[in-house]
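Engineer: Would you mind keeping the following structure in view while I ask a few things?
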Amino acid sequence: MTDLSNGNEQVRALNARQVGGAEQADTDPQETAEWLGALDAVVEHVGRDRAQFLFDKLASHALSLGVESARTNVTPYQNTIPFEEQPRYPGNLELEERLAAALRWNALAMVVRANKAYGELGGHIASYASAADLFEVGFNHFFRAAAPGGEEGTGDLVYFQPHSSPGVYARAYLEGFLSEENLQHYRREIGGPGLCSYPHPWLMPDFWQFPTGSMGIGPINAIYQARFMRYLANRGLAQTDGRKVWGFFGDGEMDEPESTGALPLAAREGLDNLVFVINCNLQRLDGPVRSNGRIVDELEAHFIGAGWNVIKVLWGSDWDALFSRDRTGALLRAFAQTVDGQFQTFSANDGAYNRERFFGQNPELAALAAQLSDDDIDRLRRGGHDVRKLHAAYAKALAHQGQPTVILAKTMKGFGMGAAGQGRMTTHQQKKLDFDDLKAFRDRFRLPLTDHDVEQVKFYQPAADSPEMQYLHARRAALGGYLPRRRRVASTGLIVPPVSSWGQFALDSNGREMSTTMALVRMLTALLKDKQVGPRVVPIVADEARTFGMANMFRQVGIYSPLGQLYEPEDLGSMLYYREDTKGQILEEGISEAGAVSSWIAAATSYSVHDLPMLPFYIYYSMFGFQRVGDLIWAAADQRARGFLIGATSGKTTLGGEGLQHQDGSSHLAASTIPNCRAYDPAFAYELAAIVDEGMREMVDAQRDVFYYVTVTNENYAQPSVPDGDWPALRKGILKGIYALRAQQEDAAQAKVQLLGAGAILGEVIAAQHLLKDDWQIDAAVWSVTSFTELQRDGMAAERLARLGNGIDTDSDTDTPYVTKALAASQGPIIAATDYVRAVPELIRAYVPRRYVTLGTDGFGRSDTRQALREFFEVDRRSIVIAALKALADEGAIEATVLAEARARYLSDAAPGAASWQC
């Protein structure tokens with residue numbers, strides 16, 4: 001008693017801060033009682049709705065008089081839905097309880113068996129123990145499946161809390177989708193039919209729809225998925241009415257900025273097709289989420305402030321009788337004085353402890369518990385473990401219109417694990433249970449298992465004709481089928497139009513000056529006009545459309561807004577005015593790269609989620625792509641996204657004047673680490689056309705699970721036409737990653753040095769070729785490298801084939817890397833220069849047949865002109881010449897005096913210390 005009572009004053013002070021300030025002294029108790037009595041009478045005789053109306057009117061009137069509330073949006077610590085408004089539960093409680101017990105046991109058995117045999121595998125028991133009922137109410141009564149050949153527009157989307165994946169596997173086992181062998185290979189995916197640790201569509205492409213293993217990604221993706229469903233419906237592309245997006249997340253997960261950053265968007269666009277269920281078990285991985293506060297209060301205020309409908313499910317049905325007998329509000333006062341750290345301690349202890357430490361705080365509480373035994377107190381469940389309370393909340397969430405809904409469900413982490421883990425600080429790490437703990441779990445959930453079964457940790461499955469199994473299948477049949485399930489390919493692809501219909505200008509540029517960013521926008525503008533592909537194109541920007549020259553699209557296809565345009569835009573008289581439309585095609589996400597890439601993920605996975613292939617182009621400052629939201633891009637790869645990521649204003653020296661945090665020198669290095677990302681850095685418009693054409697054919701025609709990252713620049717320079725010769729061969733080189741620029745050399749075989757250039761620096765490489773010829777009478781050949789990443793992957797595949805032989809499954813059909821073959825007939829040292837860090841051209845060093853020198857833009861960026869930046873980072877034409885001459889001198893092909901003379905001529909004007917890449 002002492003610890004609690006001594007802290008009560010501090011808790012009251014904390015509570016006052018949480019609700020907006022200290023409570024003022026009542027100077028006229030009688031007047032206060034009259035006001036409260038009047039409100040009580042309205043509730044009793046007219047109803048809560050009328051009382052709510054009057055309360056809101058009074059609050060609005062008070063604000064008009066300058067009287068502001070000192071309280072935040074926090075309601076008393078009780079269920080939102082009172083007992084008398086709770087509908088009758090439609091399910092069979094007894095059968096559902098038996099099924100839930102089987103699921104709990106099999107989920108636990110998976111983890112215990114794996115760690116009994118292989119101690120390093122890990123896994124989680126406690127999270128699903130707390131979330132089981134949250135899931136099961138949905139599975140039995142709410143989650144609608146998109147059955148094959150079913151009605152168009154059916155099927156809910158469910159984002160599962162990742163640490164609870166064993167429970168989802170356990171249900172799929174009872175449903176017959178997974179075998180016992182699958183369960184035995186939990187977290188062992190190599191050499192057997194294993195199950196991945198968390199939801200990973202890449203590893204289980206027929207099962208998981210959404211990757212949620214990285215905290216915070218699930219919530220923001222769920223919001224933008226719900227928004228994209230409305231986008232499809234408003235544009236007339238898909239019927240999504242009635243479909244819901246369910247997101248199950250942890251209270252600790254809501255600390256992630258991605259979890260809460262997009263909440264206002266969901267409310268602003270009225271996404272009542274979205275329901276969050278927050279598992280408030282009050283614990284993170286290491287301890288309480290808010291040890292000295294209350295996370296439920298905090299989340300309630302946050303969601304209400306963001307414009308969401310909030311439903312709290314805090315106390316189970318066993319508490320109803322206590323609340324009905326509590327005439328003085330003793331329970332709510334006690335809750336208001338109890339912080340989450342103490343709630344966790346209560347959940348970790350038995351009924352006797354809770355009688356003394358909670359109900360023993362004052363005579364009023366003690367009287368409420370006087371008729372309860374210690375076992376009765378021990379069985380007082382939190383609301384998240386009561387299917388009747390949860391069903392009422394879910395039903396109310398589905399009926400609510402105009403707002404997204406969040407259900408704050410209070411649970412116990414490790415529920416039912418007893419002394420082995422319920423409410424313990426260490427419960428998240430609990431992976432093994434001894435025999436006595438397993439028996440206690442069996443007895444707690446009344447499982448029909450013998451001691452031998454328990455000792456062997458056998459999986460349990462009721463007989464196929466048992467009432468439990470018949471009930472399980474009947475409930476899922478009523479809801480359209482089973483989930484999670486994933487569609488691998490769309491039922492129909494898209495016919496890609498010929499490149500001549502949208503990119504002919506790039507093939508026949510004839511030296512017209514333009515940036516590759518502008519070339520990309522022109523291609524996109526033309527694609528939008530195509531009758532089949534055009535409606536499926538989804539242009540996405542994060543508040544930079546005008547920067548990228550996309551303003552003409554405002555008029556052409558409009559900016560999506562569910563409200564249309566309720567104002568007269570300032571630039572209405574302009575041809576390029578800012579036009580919003582309910583059928584708008586552009587997704588303009590504001591200053592949120594995380595939001596924009598989440599929209600891209602929703603569009604890029606539409607082929608699977610909605611059986612509707614879409615073609616998203618997310619165009620952004622390349623520096624704000626992989627560096628800022630790389631985790632989301634990795635999740636997109638896991639989800640088998642198909643679409644284009646366009647890294648505009650790319651490179652470290654093309655974005656003159658912007659400086660350190662805008663200049664990208666590393667995104668291609670990050671892209672190279674993602675197995676299904678095709679990364680390209682084209683220099684010319686015709687290269688870009690070949691890449692976009694191939695990307696569309698690969699993703700929406702052949703339906704391969706890849707996505708393309710293409711960097712484009714903002715530098716205007718003369719764009720050459722496709723060189724004369726064999727276009728198919730040239731196109732192959734562009735897509736493989738390297739080809740010789742025939743127009744820039746007499747004969748690569750006669751050149752003494754080979755110059756490799758990529759993207760923005762290819763122009764400097766061509767200029768360096770002329771300097772070598774004019775100043776030093778040295779012939780150089782120029783090669784355009786469109787993708788060091790693709791060359792490296794080809795090289796690794798060929799290397800593996802050579803090492804292991806033809807009997808293996810490999811992506812390569814030859815044991816000689818493409819870049820090796822391409823350069824084999826040439827001679828002399830090979831110099832590569834890019835606008836990225838040297839690690840990018842270094843990707844292919846193992847496959848370059850001779851001396852290889854790389855130049856790049858390592859270090860922090862600067863604000864200056866393009867030419868100054870290139871000189872600073874030593875990727876300009878003179879630096880390339882010096883690198884070539886140094887390599888030739890090292891090989892004895894030229895005299896060392898030539899190199900010395902070149903240094904004296906080219907470096908005399910260089911700024912002192914400019915080459916110090918460390919800073």
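All residue names refer to the structure tokens as shown: chains lettered A, B, ... in order, residues numbered from 1 in each chain, ligands numbered from 1 in order.
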DSSP on the backbone: which residues in range 325-445 of chain A end up as alpha helix (DSSP H)? Give the answer as a PyMOL selection string.
Structural biologist: chain A and resi 325+330-336+340-348+351-357+363-368+374-378+387-399+435-444
Engineer: Among range 662-718 of chain A, which ones does DSSP assign to strand (DSSP E) (computed from the backbone)? Answer as a list in words.
Structural biologist: Cys677, Arg678, Ala679, Tyr680, Phe707, Tyr708, Tyr709, Val710, Thr711, Tyr717 and Ala718 of chain A
Engineer: Output C-alpha atoms for every residue in the selection just made, as a CSV table (one decimal), in the first residue's frame.
Structural biologist:
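Once written, part.csv looks like this:
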```
chain,number,residue,atom,x,y,z
A,677,CYS,CA,15.4,-3.4,-58.1
A,678,ARG,CA,16.7,-2.7,-61.6
A,679,ALA,CA,18.9,0.5,-61.2
A,680,TYR,CA,19.9,2.6,-64.2
A,707,PHE,CA,10.8,-2.5,-60.0
A,708,TYR,CA,13.0,0.1,-61.7
A,709,TYR,CA,15.0,2.9,-60.2
A,710,VAL,CA,16.1,5.4,-62.8
A,711,THR,CA,18.0,8.5,-62.1
A,717,TYR,CA,22.6,19.4,-73.0
A,718,ALA,CA,22.5,18.2,-76.6
```
Engineer: Suppose you want the space between CA of Ser721 in chain A and CA of Asn510 in chain A; what is it in Å?
Structural biologist: 5.2 Å
